[in-house]
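What follows is target33.csv (CSV, C-alpha atoms).
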```csv
chain,number,residue,atom,x,y,z
A,1332,MET,CA,-34.0,-11.9,0.6
A,1333,ASP,CA,-31.9,-14.4,2.4
A,1334,ALA,CA,-29.3,-15.2,-0.3
A,1335,LEU,CA,-28.4,-14.2,-3.8
A,1336,PRO,CA,-29.7,-16.4,-6.6
A,1337,VAL,CA,-27.6,-18.9,-8.4
A,1338,ILE,CA,-28.1,-18.8,-12.2
A,1339,ASP,CA,-26.8,-21.3,-14.8
A,1340,ILE,CA,-25.8,-19.3,-17.9
A,1341,SER,CA,-25.1,-22.2,-20.2
A,1342,ASP,CA,-28.4,-21.5,-21.9
A,1343,PRO,CA,-29.1,-17.7,-22.1
A,1344,ALA,CA,-32.8,-18.2,-22.9
A,1345,THR,CA,-33.2,-20.2,-19.7
A,1346,ALA,CA,-31.1,-17.8,-17.7
A,1347,ALA,CA,-32.9,-14.7,-18.8
A,1348,PRO,CA,-35.8,-14.7,-16.4
A,1349,GLY,CA,-33.5,-15.3,-13.4
A,1350,ILE,CA,-31.2,-12.5,-14.6
A,1351,GLU,CA,-34.1,-10.1,-14.9
A,1352,ALA,CA,-35.3,-10.9,-11.4
A,1353,ALA,CA,-31.8,-10.6,-9.9
A,1354,CYS,CA,-31.0,-7.3,-11.7
A,1355,ARG,CA,-34.3,-5.8,-10.5
A,1356,SER,CA,-33.9,-7.0,-6.9
A,1357,SER,CA,-30.3,-6.7,-5.9
A,1358,GLY,CA,-28.1,-6.3,-9.1
A,1359,PHE,CA,-26.1,-9.4,-7.9
A,1360,PHE,CA,-26.3,-13.1,-8.6
A,1361,TYR,CA,-24.0,-16.2,-8.7
A,1362,VAL,CA,-23.0,-17.6,-12.1
A,1363,THR,CA,-22.7,-21.3,-12.8
A,1364,GLY,CA,-22.4,-23.2,-16.2
A,1365,HIS,CA,-19.6,-20.9,-17.2
A,1366,GLY,CA,-17.1,-23.6,-18.4
A,1367,VAL,CA,-14.0,-22.1,-16.7
A,1368,PRO,CA,-11.7,-25.0,-15.7
A,1369,ALA,CA,-11.1,-25.4,-12.0
A,1370,ALA,CA,-7.5,-26.2,-12.9
A,1371,LEU,CA,-7.0,-22.7,-14.3
A,1372,ILE,CA,-8.5,-21.1,-11.2
A,1373,ASP,CA,-6.1,-23.2,-9.1
A,1374,ARG,CA,-3.1,-22.1,-11.2
A,1375,LEU,CA,-4.2,-18.4,-10.9
A,1376,ASP,CA,-4.7,-18.6,-7.2
A,1377,THR,CA,-1.4,-20.3,-6.6
A,1378,ALA,CA,0.5,-17.8,-8.7
A,1379,ALA,CA,-1.2,-14.9,-7.0
A,1380,ARG,CA,-0.4,-16.1,-3.5
A,1381,ALA,CA,3.2,-16.6,-4.6
A,1382,PHE,CA,3.3,-13.0,-5.8
A,1383,PHE,CA,1.8,-11.5,-2.6
A,1384,ALA,CA,4.2,-13.6,-0.5
A,1385,LEU,CA,7.2,-11.8,-2.1
A,1386,PRO,CA,9.0,-9.0,-0.1
A,1387,GLU,CA,7.4,-5.7,-0.8
A,1388,GLN,CA,10.6,-4.4,-2.6
A,1389,ASP,CA,10.2,-7.2,-5.1
A,1390,LYS,CA,6.5,-6.5,-5.6
A,1391,LEU,CA,7.3,-2.8,-6.2
A,1392,GLU,CA,9.4,-3.8,-9.2
A,1393,ILE,CA,6.1,-3.7,-11.1
A,1394,ALA,CA,4.6,-0.7,-9.2
A,1395,MET,CA,1.9,1.2,-11.0
A,1396,ALA,CA,4.1,4.2,-11.5
A,1397,ARG,CA,6.0,2.0,-14.0
A,1398,GLY,CA,2.8,1.3,-16.0
A,1399,GLY,CA,2.4,4.8,-17.3
A,1400,ARG,CA,-0.9,5.7,-19.0
A,1401,ALA,CA,-1.7,1.9,-19.3
A,1402,TRP,CA,-2.8,2.0,-15.6
A,1403,ARG,CA,-1.3,-1.4,-14.8
A,1404,GLY,CA,0.8,-2.8,-11.9
A,1405,PHE,CA,1.1,-3.2,-8.2
A,1406,PHE,CA,0.0,-1.0,-5.3
A,1407,PRO,CA,0.7,-1.7,-1.6
A,1408,VAL,CA,-1.7,-1.9,1.4
A,1409,GLY,CA,-3.3,1.5,2.1
A,1410,ALA,CA,-2.3,3.1,-1.1
A,1411,GLU,CA,-5.7,2.8,-2.7
A,1412,LEU,CA,-8.7,4.7,-1.4
A,1413,THR,CA,-12.5,4.4,-1.6
A,1414,SER,CA,-14.4,7.7,-0.9
A,1415,GLY,CA,-11.1,9.1,0.5
A,1416,VAL,CA,-10.5,6.3,3.0
A,1417,PRO,CA,-7.5,3.9,2.6
A,1418,ASP,CA,-8.5,0.4,1.7
A,1419,ARG,CA,-7.0,-2.5,3.7
A,1420,LYS,CA,-5.8,-4.3,0.7
A,1421,GLU,CA,-2.9,-4.5,-1.8
A,1422,GLY,CA,-3.3,-5.5,-5.4
A,1423,VAL,CA,-2.3,-5.8,-9.1
A,1424,TYR,CA,-4.0,-4.2,-12.0
A,1425,PHE,CA,-4.2,-5.8,-15.5
A,1426,GLY,CA,-6.0,-5.2,-18.7
A,1427,THR,CA,-6.1,-6.3,-22.4
A,1428,GLU,CA,-2.5,-7.0,-23.4
A,1429,LEU,CA,-1.4,-4.6,-26.1
A,1430,GLY,CA,2.0,-4.2,-27.6
A,1431,PRO,CA,3.6,-0.9,-28.6
A,1432,ASP,CA,2.4,-1.1,-32.2
A,1433,ALA,CA,-1.3,-1.5,-31.2
A,1434,PRO,CA,-3.3,1.4,-32.7
A,1435,GLN,CA,-4.7,2.4,-29.3
A,1436,VAL,CA,-1.1,2.5,-27.8
A,1437,ARG,CA,0.2,4.4,-30.8
A,1438,ALA,CA,-2.6,6.9,-30.4
A,1439,GLY,CA,-1.7,7.4,-26.7
A,1440,LEU,CA,-5.1,6.3,-25.4
A,1441,PRO,CA,-5.0,6.0,-21.6
A,1442,LEU,CA,-5.8,2.6,-20.0
A,1443,HIS,CA,-4.3,0.8,-23.0
A,1444,GLY,CA,-0.9,-0.9,-23.2
A,1445,ALA,CA,1.2,-3.7,-21.9
A,1446,ASN,CA,0.7,-5.5,-18.5
A,1447,LEU,CA,3.4,-5.7,-15.9
A,1448,PHE,CA,4.3,-9.1,-14.6
A,1449,PRO,CA,6.7,-10.2,-11.9
A,1450,ALA,CA,9.9,-12.0,-13.0
A,1451,GLN,CA,9.9,-13.9,-9.7
A,1452,VAL,CA,6.5,-15.6,-10.4
A,1453,PRO,CA,6.7,-16.6,-14.1
A,1454,ASP,CA,3.5,-18.7,-13.8
A,1455,LEU,CA,1.4,-15.6,-13.2
A,1456,LYS,CA,1.5,-14.2,-16.7
A,1457,PRO,CA,0.1,-17.2,-18.6
A,1458,ALA,CA,-2.5,-17.8,-15.9
A,1459,VAL,CA,-3.7,-14.1,-16.0
A,1460,LEU,CA,-3.8,-13.9,-19.8
A,1461,GLU,CA,-5.7,-17.3,-20.2
A,1462,TYR,CA,-8.1,-16.3,-17.4
A,1463,MET,CA,-8.9,-12.9,-19.0
A,1464,ALA,CA,-9.6,-14.6,-22.3
A,1465,LEU,CA,-12.0,-17.1,-20.8
A,1466,LEU,CA,-13.8,-14.5,-18.6
A,1467,THR,CA,-14.4,-12.4,-21.7
A,1468,GLU,CA,-16.4,-15.4,-23.1
A,1469,VAL,CA,-18.2,-15.8,-19.8
A,1470,ALA,CA,-19.1,-12.1,-19.7
A,1471,GLN,CA,-20.4,-12.2,-23.3
A,1472,ALA,CA,-22.6,-15.2,-22.3
A,1473,VAL,CA,-24.0,-13.3,-19.3
A,1474,LEU,CA,-24.8,-10.4,-21.6
A,1475,ARG,CA,-26.7,-12.6,-23.9
A,1476,GLY,CA,-28.9,-13.5,-21.0
A,1477,VAL,CA,-29.2,-9.8,-20.1
A,1478,ALA,CA,-30.2,-8.9,-23.6
A,1479,LEU,CA,-32.9,-11.6,-23.7
A,1480,SER,CA,-34.1,-10.5,-20.3
A,1481,LEU,CA,-34.7,-7.0,-21.8
A,1482,GLY,CA,-36.5,-8.2,-24.8
A,1483,LEU,CA,-33.5,-7.7,-27.1
A,1484,PRO,CA,-31.8,-10.2,-29.5
A,1485,ALA,CA,-29.2,-12.4,-27.6
A,1486,GLY,CA,-26.3,-10.9,-29.6
A,1487,TYR,CA,-27.3,-7.3,-29.0
A,1488,PHE,CA,-24.3,-6.4,-26.8
A,1489,GLU,CA,-21.6,-8.5,-28.4
A,1490,GLN,CA,-22.4,-7.2,-31.9
A,1491,SER,CA,-22.2,-3.6,-30.8
A,1492,TYR,CA,-21.1,-2.3,-27.4
A,1493,THR,CA,-18.8,-5.2,-26.5
A,1494,ALA,CA,-17.6,-6.3,-29.9
A,1495,ASP,CA,-14.3,-4.8,-28.8
A,1496,PRO,CA,-14.8,-4.6,-25.0
A,1497,THR,CA,-12.8,-2.7,-22.4
A,1498,VAL,CA,-11.5,-5.3,-20.1
A,1499,LEU,CA,-10.0,-4.5,-16.6
A,1500,PHE,CA,-8.8,-7.3,-14.3
A,1501,ARG,CA,-7.6,-7.0,-10.7
A,1502,ILE,CA,-6.1,-9.4,-8.1
A,1503,PHE,CA,-6.6,-8.1,-4.5
A,1504,HIS,CA,-5.0,-9.4,-1.3
A,1505,TYR,CA,-6.7,-8.5,1.9
A,1506,PRO,CA,-4.8,-9.0,5.2
A,1507,PRO,CA,-7.2,-10.1,8.0
A,1508,SER,CA,-8.9,-7.3,10.0
A,1509,GLU,CA,-9.1,-7.4,13.7
A,1510,PRO,CA,-12.6,-8.3,15.2
A,1511,GLY,CA,-14.4,-5.0,15.9
A,1512,SER,CA,-12.1,-3.1,13.5
A,1513,ASP,CA,-13.7,-0.2,11.6
A,1514,GLU,CA,-11.2,-0.7,8.7
A,1515,TRP,CA,-12.8,-1.8,5.4
A,1516,GLY,CA,-11.0,-3.9,2.8
A,1517,VAL,CA,-13.1,-1.9,0.4
A,1518,GLY,CA,-15.6,0.6,1.4
A,1519,GLU,CA,-19.2,1.0,0.0
A,1520,HIS,CA,-19.2,1.6,-3.7
A,1521,THR,CA,-20.8,0.7,-7.0
A,1522,ASP,CA,-18.9,-0.3,-10.2
A,1523,TYR,CA,-18.6,1.9,-13.2
A,1524,GLY,CA,-19.2,-0.4,-16.2
A,1525,LEU,CA,-21.5,-3.1,-17.5
A,1526,LEU,CA,-20.6,-6.2,-15.6
A,1527,THR,CA,-18.3,-7.5,-12.9
A,1528,LEU,CA,-17.4,-11.1,-12.5
A,1529,LEU,CA,-15.8,-11.8,-9.1
A,1530,LEU,CA,-13.9,-14.9,-8.2
A,1531,GLN,CA,-13.3,-15.0,-4.4
A,1532,ASP,CA,-11.4,-17.5,-2.3
A,1533,GLY,CA,-13.0,-19.4,0.6
A,1534,ASN,CA,-12.7,-16.6,3.2
A,1535,GLY,CA,-15.8,-14.5,2.5
A,1536,GLY,CA,-16.2,-10.8,3.4
A,1537,LEU,CA,-18.3,-9.5,0.5
A,1538,GLN,CA,-21.5,-7.8,1.4
A,1539,VAL,CA,-24.3,-6.4,-0.8
A,1540,ARG,CA,-26.7,-3.6,0.1
A,1541,THR,CA,-30.3,-4.8,-0.4
A,1542,PRO,CA,-33.7,-3.2,0.4
A,1543,GLY,CA,-33.7,-5.4,3.6
A,1544,GLY,CA,-30.1,-4.3,4.6
A,1545,TRP,CA,-26.6,-5.7,4.1
A,1546,LEU,CA,-26.5,-9.2,2.8
A,1547,ASP,CA,-23.4,-11.5,2.9
A,1548,ALA,CA,-22.3,-13.0,-0.4
A,1549,PRO,CA,-20.2,-15.9,0.7
A,1550,PRO,CA,-18.1,-17.9,-1.7
A,1551,ILE,CA,-19.8,-20.8,-3.4
A,1552,PRO,CA,-17.4,-23.3,-5.0
A,1553,GLY,CA,-17.5,-23.3,-8.8
A,1554,THR,CA,-19.3,-20.0,-9.2
A,1555,PHE,CA,-18.5,-16.3,-9.9
A,1556,VAL,CA,-20.4,-13.5,-8.3
A,1557,CYS,CA,-21.8,-11.3,-11.0
A,1558,ASN,CA,-23.0,-7.7,-10.5
A,1559,ILE,CA,-24.1,-5.0,-12.9
A,1560,GLY,CA,-22.4,-1.6,-13.0
A,1561,ASP,CA,-23.4,2.0,-13.4
A,1562,MET,CA,-23.3,1.9,-17.2
A,1563,LEU,CA,-25.9,-0.9,-17.5
A,1564,ASP,CA,-28.0,1.0,-14.9
A,1565,ARG,CA,-27.7,4.0,-17.2
A,1566,MET,CA,-28.4,2.1,-20.4
A,1567,THR,CA,-31.6,0.6,-18.9
A,1568,GLY,CA,-32.8,3.9,-17.6
A,1569,GLY,CA,-32.6,2.6,-14.0
A,1570,TRP,CA,-34.7,-0.5,-14.7
A,1571,TYR,CA,-31.6,-2.6,-13.7
A,1572,ARG,CA,-29.7,-1.1,-10.8
A,1573,SER,CA,-26.0,-1.0,-9.9
A,1574,THR,CA,-25.9,-1.9,-6.2
A,1575,PRO,CA,-23.5,-0.7,-3.4
A,1576,HIS,CA,-21.3,-3.4,-2.0
A,1577,ARG,CA,-18.3,-3.5,0.3
A,1578,VAL,CA,-15.7,-5.9,1.7
A,1579,ARG,CA,-14.3,-6.6,5.2
A,1580,ASN,CA,-12.1,-9.6,5.8
A,1581,LEU,CA,-12.9,-10.9,9.3
A,1582,SER,CA,-11.9,-14.5,8.5
A,1583,GLY,CA,-8.6,-14.3,10.3
A,1584,ASN,CA,-6.9,-15.5,7.1
A,1585,GLU,CA,-5.4,-13.8,4.1
A,1586,ARG,CA,-8.2,-13.2,1.5
A,1587,LEU,CA,-7.8,-13.1,-2.3
A,1588,SER,CA,-10.3,-11.8,-4.7
A,1589,PHE,CA,-10.2,-11.6,-8.5
A,1590,PRO,CA,-12.7,-9.0,-9.9
A,1591,PHE,CA,-13.0,-8.9,-13.7
A,1592,PHE,CA,-14.6,-5.8,-15.1
A,1593,PHE,CA,-16.3,-6.1,-18.5
A,1594,ASP,CA,-17.2,-2.7,-20.1
A,1595,PRO,CA,-18.2,-1.2,-23.4
A,1596,ASP,CA,-15.8,-0.4,-26.3
A,1597,PHE,CA,-13.6,2.5,-25.2
A,1598,SER,CA,-14.4,4.4,-28.4
A,1599,GLN,CA,-18.2,3.7,-28.4
A,1600,GLU,CA,-20.9,6.1,-27.4
A,1601,VAL,CA,-23.3,4.3,-25.0
A,1602,PRO,CA,-26.9,5.6,-25.6
A,1603,PRO,CA,-29.9,4.2,-23.7
A,1604,LEU,CA,-31.1,0.8,-24.9
A,1605,PRO,CA,-34.3,0.6,-27.0
A,1606,ALA,CA,-37.3,1.2,-24.9
A,1607,THR,CA,-38.2,-1.8,-22.8
A,1608,GLY,CA,-41.5,-0.3,-21.5
A,1609,HIS,CA,-40.2,0.0,-18.0
A,1610,ALA,CA,-39.6,3.0,-15.7
A,1611,GLY,CA,-36.6,2.8,-13.4
A,1612,GLY,CA,-37.3,5.4,-10.6
A,1613,GLN,CA,-34.6,7.3,-8.6
A,1614,ARG,CA,-31.2,5.8,-7.8
A,1615,TRP,CA,-30.2,5.1,-4.2
A,1616,ASP,CA,-27.6,8.0,-4.4
A,1617,GLY,CA,-29.7,10.5,-6.3
A,1618,GLN,CA,-27.4,10.5,-9.3
A,1619,ASP,CA,-28.7,10.9,-12.8
A,1620,LEU,CA,-26.5,8.6,-14.8
A,1621,ARG,CA,-28.2,9.7,-18.0
A,1622,ALA,CA,-26.6,13.1,-17.7
A,1623,PHE,CA,-23.4,11.9,-19.4
A,1624,THR,CA,-23.0,12.0,-23.2
A,1625,GLY,CA,-20.0,10.9,-25.2
A,1626,THR,CA,-17.9,7.8,-25.5
A,1627,TYR,CA,-17.4,5.2,-22.8
A,1628,GLY,CA,-13.7,6.0,-22.8
A,1629,ALA,CA,-14.4,9.6,-22.0
A,1630,TYR,CA,-16.7,8.5,-19.2
A,1631,LEU,CA,-14.2,6.1,-17.8
A,1632,VAL,CA,-11.2,8.5,-18.0
A,1633,GLY,CA,-13.4,11.2,-16.4
A,1634,LYS,CA,-14.1,9.0,-13.5
A,1635,VAL,CA,-10.5,7.8,-13.2
A,1636,GLY,CA,-9.2,11.4,-13.5
A,1637,LYS,CA,-11.1,12.4,-10.4
A,1638,VAL,CA,-9.3,9.7,-8.3
A,1639,PHE,CA,-6.1,9.4,-10.3
A,1640,PRO,CA,-5.4,13.1,-11.1
A,1641,GLU,CA,-1.9,12.4,-12.5
A,1642,LEU,CA,-3.2,9.8,-15.0
A,1643,SER,CA,-3.1,12.3,-17.8
A,1644,ALA,CA,0.5,12.9,-17.1
A,1645,GLY,CA,1.3,9.2,-17.2
A,1646,THR,CA,1.8,8.8,-13.5
A,1647,ARG,CA,-0.4,7.5,-10.7
A,1648,HIS,CA,-2.2,8.6,-7.6
A,1649,GLN,CA,-3.6,5.5,-6.0
A,1650,GLU,CA,-7.3,5.5,-5.6
A,1651,ALA,CA,-9.7,3.0,-7.2
A,1652,PRO,CA,-12.7,3.7,-9.4
A,1653,ASN,CA,-13.6,0.1,-10.0
A,1654,ILE,CA,-13.3,-2.2,-7.0
A,1655,GLY,CA,-14.5,-5.7,-6.2
```
Could you write out this structure as structure tokens?
Amino acid sequence: MDALPVIDISDPATAAPGIEAACRSSGFFYVTGHGVPAALIDRLDTAARAFFALPEQDKLEIAMARGGRAWRGFFPVGAELTSGVPDRKEGVYFGTELGPDAPQVRAGLPLHGANLFPAQVPDLKPAVLEYMALLTEVAQAVLRGVALSLGLPAGYFEQSYTADPTVLFRIFHYPPSEPGSDEWGVGEHTDYGLLTLLLQDGNGGLQVRTPGGWLDAPPIPGTFVCNIGDMLDRMTGGWYRSTPHRVRNLSGNERLSFPFFFDPDFSQEVPPLPATGHAGGQRWDGQDLRAFTGTYGAYLVGKVGKVFPELSAGTRHQEAPNIG
């Protein structure tokens, strides 16, 4: 494989064969035909750059420690780890915007609540909220293609697992790494949930592990990079594979990326999909993802709890379970 495929998702039936081939070969593909306006992307990028240009003391006004159990806010460079190693990036965590009277918040569910936005960059809040709403529609469209590729009805996911999805959105800023540096913006990992939709700026740095070795996934204007996560791997019995990926910014410029994680309903159990007649084989890391039983929320909090051990107390130890 020389390059990841580009798939137009405007017609799920037409997209389905390409999605199946991509999910079987690398778990990654580019998405076009998504309908997200370029003007919104420009607004989001401009506001994000304005935020990361602020003095660190201003950025820390929305530090993750202030987000409580909602798991939202800013972390500085080196404060987040992958496999125990500090990442060379800083970032802001967002999720579905919920007020204090939302049932999930009143029930004290972790990873639910209000976002933290910087007063110094008022344009960031509307751009983030509009972007998350539109990317939710894009993710549902991708999943319609995924469902058809598995021989299921197009609406299989959005009528059940993602009728009330768990949405996690990040904006990451990667300072440039020195040539020859062994520092990674993000080390090798897979994502936890169903799908990730990644918007990246023009500086590159994303690499995907394929059977033939590491493959660059450079930015293509007007596209998102889509990859499947561990939960879709689990639901398909390994027929579709979540694939390791990593980031190193060797562009010499500041790099921004915008990973959008689209996961099942927090309160839903996630059993295997109806039999598709395929056998998956063993995962690259030897894990048996089918060993988990329970709700997606329990799965996610269990993962988060290993790398954010103070989450249950409403505070934060900075290490990332879902990175893009």
Phe1382 of chain A proximity check over A:Gly1633, A:Gly1366, A:Pro1431, A:Pro1449, using all atoms listed in the file: winner is A:Pro1449
Across A:Ala1494, A:Ala1470, A:Cys1354, A:Met1562, the smallest distance to Leu1529 of chain A, with only C-alpha atoms counted, is shown by A:Ala1470
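Between Ser1598 of chain A and the candidates A:Gly1444, A:Gly1543, A:Pro1496, A:Gly1583, the tightest atom-to-atom separation, counting all atoms listed in the file, involves A:Pro1496.
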A straight line from atom CA of Gly1422 of chain A to atom CA of Leu1537 of chain A spans 16.6 Å
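Using only C-alpha atoms, the smallest distance between any of A:Leu1604, A:Ala1464, A:Ala1458, A:Ile1551 and Ala1378 of chain A comes from A:Ala1458.
Counting all atoms listed in the file, the residue from A:Gly1404, A:Val1578, A:Tyr1361, A:Tyr1627 that sits nearest to Val1337 of chain A is A:Tyr1361.
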In terms of all atoms listed in the file, the residue from A:Asn1446, A:Asn1580, A:Asn1558, A:Ser1508 at minimal distance from Tyr1424 of chain A is A:Asn1446
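In this structure, atom CA of Leu1563 of chain A sits 16.4 Å away from atom CA of His1576 of chain A.
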Provide an axis-aligned box for all listed atoms of segment 1367-1386 of chain A, padding each side by 4 Å; report its centre and its edge lengths in Å to one decimal, as lines of an AutoDock Vina configuration file.
```
center_x = -2.5
center_y = -17.6
center_z = -8.4
size_x = 31.0
size_y = 25.2
size_z = 24.6
```
Distance query Ala1381 of chain A at most 12 Å, all atoms listed in the file, self and fewer than 5 positions along chain excluded, as a PyMOL selection string
chain A and resi 1374-1376+1386+1389-1390+1449-1455+1504+1587
Taking (-34.3, -8.8, -11.6) in the file's coordinates, which residues come within 12 Å, counting only C-alpha atoms, written as a PyMOL selection string? chain A and resi 1335-1336+1338+1346-1360+1476-1477+1480-1481+1558-1559+1569-1573+1611
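Atom CA of Val1556 of chain A lies 20.7 Å from atom CA of Glu1489 of chain A.
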Item to complete: Would you list the contacts of Pro1343 of chain A as a PyMOL selection string, taking every protein, DNA or RNA residue within 8 Å and counting only C-alpha atoms, but skipping same-chain residues closer than 6 positions in sequence?
Response: chain A and resi 1472-1473+1475-1476+1479+1485
Name the residues in contact with His1365 of chain A at a cut-off of 7 Å, using only C-alpha atoms, excluding same-chain residues fewer than 3 positions from it; report them as a CSV table (one decimal) with C-alpha atoms, in the frame of the given file.
```csv
chain,number,residue,atom,x,y,z
A,1340,ILE,CA,-25.8,-19.3,-17.9
A,1341,SER,CA,-25.1,-22.2,-20.2
A,1362,VAL,CA,-23.0,-17.6,-12.1
A,1469,VAL,CA,-18.2,-15.8,-19.8
```
